[in-house]
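Structure, as C-alpha cells:
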Amino acid sequence: VSTQSTGILVCGAMAQNPDDIEVQFEHTYRLTPHDNEKFDPIKVKEVITEVFQKKFGDGFEYNADDAADMGTDVCTEIQDRVKELGYRRYKLITQVTLGEIKGQTMRIGSRCLWNLPTDNCASEVLQNVCAALPRVDSWLRAQNKYFCCAMVFGLYYE
C-alpha cells in the first residue's frame, strides 16, 4: 500500500499486530523540512525540563548502584516525549549523563557533521547540591549531590 500525498510506504499490511507493520518513507526529494517541521530546541528544552522535574522531584536520592538504570529511564522518557512533538524525517539522538558531584570538574562535549539550516540540538543540565535545604544535616547534604546532563540532537534526513 502506498500513499503519494504523505510519502509513506506501508509494508506488511496483512500483519495481525500493528507493531509488525513496517513503515518506510518514500523519497520526496526534499532537502529541507518545511518551516513548521523544523527541530525547535526551545520546545525540546521544555520537554527535558519537565522530565527532570518528574524524575528528580521531591524525595529523589542519588544512588550510584541505580544511576545507570535511572539514566536509561530518563533518556528513554525524553526520547519518547520528543518523538511526540512530531518531527518527521528527523533522526533523534538522545544522550543522558547522570552522576554524583564529589568536587570534580566535568565537561561533556560532542562532535558531528551537520547541516546548519536543518539540524539542531537542545541540552539542559540539572545540578542538585542541596543548598536550598538549610535544615537538612550536613552529612545528608554531602551524600545527595548529583547532576544530570541531557542532550537531544535532531538531524534531518531524506
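Chains: A, B, ... in order of the C-alpha cells. Residues: from 1 per chain. Ligands: from 1, in order shown.
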Practice problem: Show which residues sit within 12 Å of His34 of chain A, as a list in words. Count only C-alpha atoms, and ignore same-chain residues fewer than 3 positions away. | Solution: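 What passes the distance filter is Arg30, Leu31, Glu37, Lys38, Phe39, Tyr87, Arg88, Arg89, Pro117, Thr118 and Tyr156 of chain A.
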Exercise. Pull the helix (DSSP H, G or I) assignments for segment 62-157 of chain A out of DSSP run on the backbone, and list those residues as a list in words.
Key: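 Those in segment 62-157 of chain A that DSSP calls helix (DSSP H, G or I) are Ala64, Asp65, Asp66, Ala67, Ala68, Asp69, Met70, Gly71, Thr72, Asp73, Val74, Cys75, Thr76, Glu77, Ile78, Gln79, Asp80, Arg81, Val82, Lys83, Ser138, Trp139, Leu140, Arg141, Ala142 and Gln143 of chain A.
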Given the selection you just returned, output its residues as a file containing C-alpha atoms, formatted as a PDB file, in the first residue's frame.
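This is the output file again_7.pdb:
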```pdb
ATOM      1  CA  ALA A  64      25.361   5.061  42.496  1.00  0.00           C
ATOM      2  CA  ASP A  65      24.062   1.491  42.133  1.00  0.00           C
ATOM      3  CA  ASP A  66      20.858   2.677  40.438  1.00  0.00           C
ATOM      4  CA  ALA A  67      22.407   5.523  38.397  1.00  0.00           C
ATOM      5  CA  ALA A  68      22.781   3.534  35.156  1.00  0.00           C
ATOM      6  CA  ASP A  69      19.149   2.390  35.213  1.00  0.00           C
ATOM      7  CA  MET A  70      17.946   5.857  36.185  1.00  0.00           C
ATOM      8  CA  GLY A  71      19.950   7.432  33.340  1.00  0.00           C
ATOM      9  CA  THR A  72      18.453   4.948  30.884  1.00  0.00           C
ATOM     10  CA  ASP A  73      14.927   5.675  32.151  1.00  0.00           C
ATOM     11  CA  VAL A  74      15.433   9.437  31.844  1.00  0.00           C
ATOM     12  CA  CYS A  75      16.924   9.039  28.356  1.00  0.00           C
ATOM     13  CA  THR A  76      14.060   6.823  27.183  1.00  0.00           C
ATOM     14  CA  GLU A  77      11.396   9.158  28.542  1.00  0.00           C
ATOM     15  CA  ILE A  78      12.996  12.224  26.943  1.00  0.00           C
ATOM     16  CA  GLN A  79      13.301  10.374  23.621  1.00  0.00           C
ATOM     17  CA  ASP A  80       9.641   9.286  23.733  1.00  0.00           C
ATOM     18  CA  ARG A  81       8.392  12.748  24.677  1.00  0.00           C
ATOM     19  CA  VAL A  82      10.423  14.431  21.908  1.00  0.00           C
ATOM     20  CA  LYS A  83       9.051  11.917  19.378  1.00  0.00           C
ATOM     21  CA  SER A 138      25.370  18.419  56.570  1.00  0.00           C
ATOM     22  CA  TRP A 139      26.029  14.673  56.209  1.00  0.00           C
ATOM     23  CA  LEU A 140      22.886  14.160  54.125  1.00  0.00           C
ATOM     24  CA  ARG A 141      23.658  17.235  52.019  1.00  0.00           C
ATOM     25  CA  ALA A 142      27.114  15.852  51.268  1.00  0.00           C
ATOM     26  CA  GLN A 143      25.624  12.490  50.233  1.00  0.00           C
TER      27      GLN A 143
END
```
Self-check item: Surrounding residues of Tyr157 of chain A excluding itself and chain neighbours under 2 positions, 7 Å, only C-alpha atoms, as a ChimeraX atom specification
Solution: /A:89-91,155
Since we have the selection now, will you write its residues out, keeping C-alpha atoms, as a PDB file, in the first residue's frame?
```
ATOM      1  CA  ARG A  89      12.139  12.872   8.851  1.00  0.00           C
ATOM      2  CA  TYR A  90      14.395  13.702  11.777  1.00  0.00           C
ATOM      3  CA  LYS A  91      16.717  11.241  13.413  1.00  0.00           C
ATOM      4  CA  LEU A 155      19.283  15.550  12.352  1.00  0.00           C
TER       5      LEU A 155
END
```
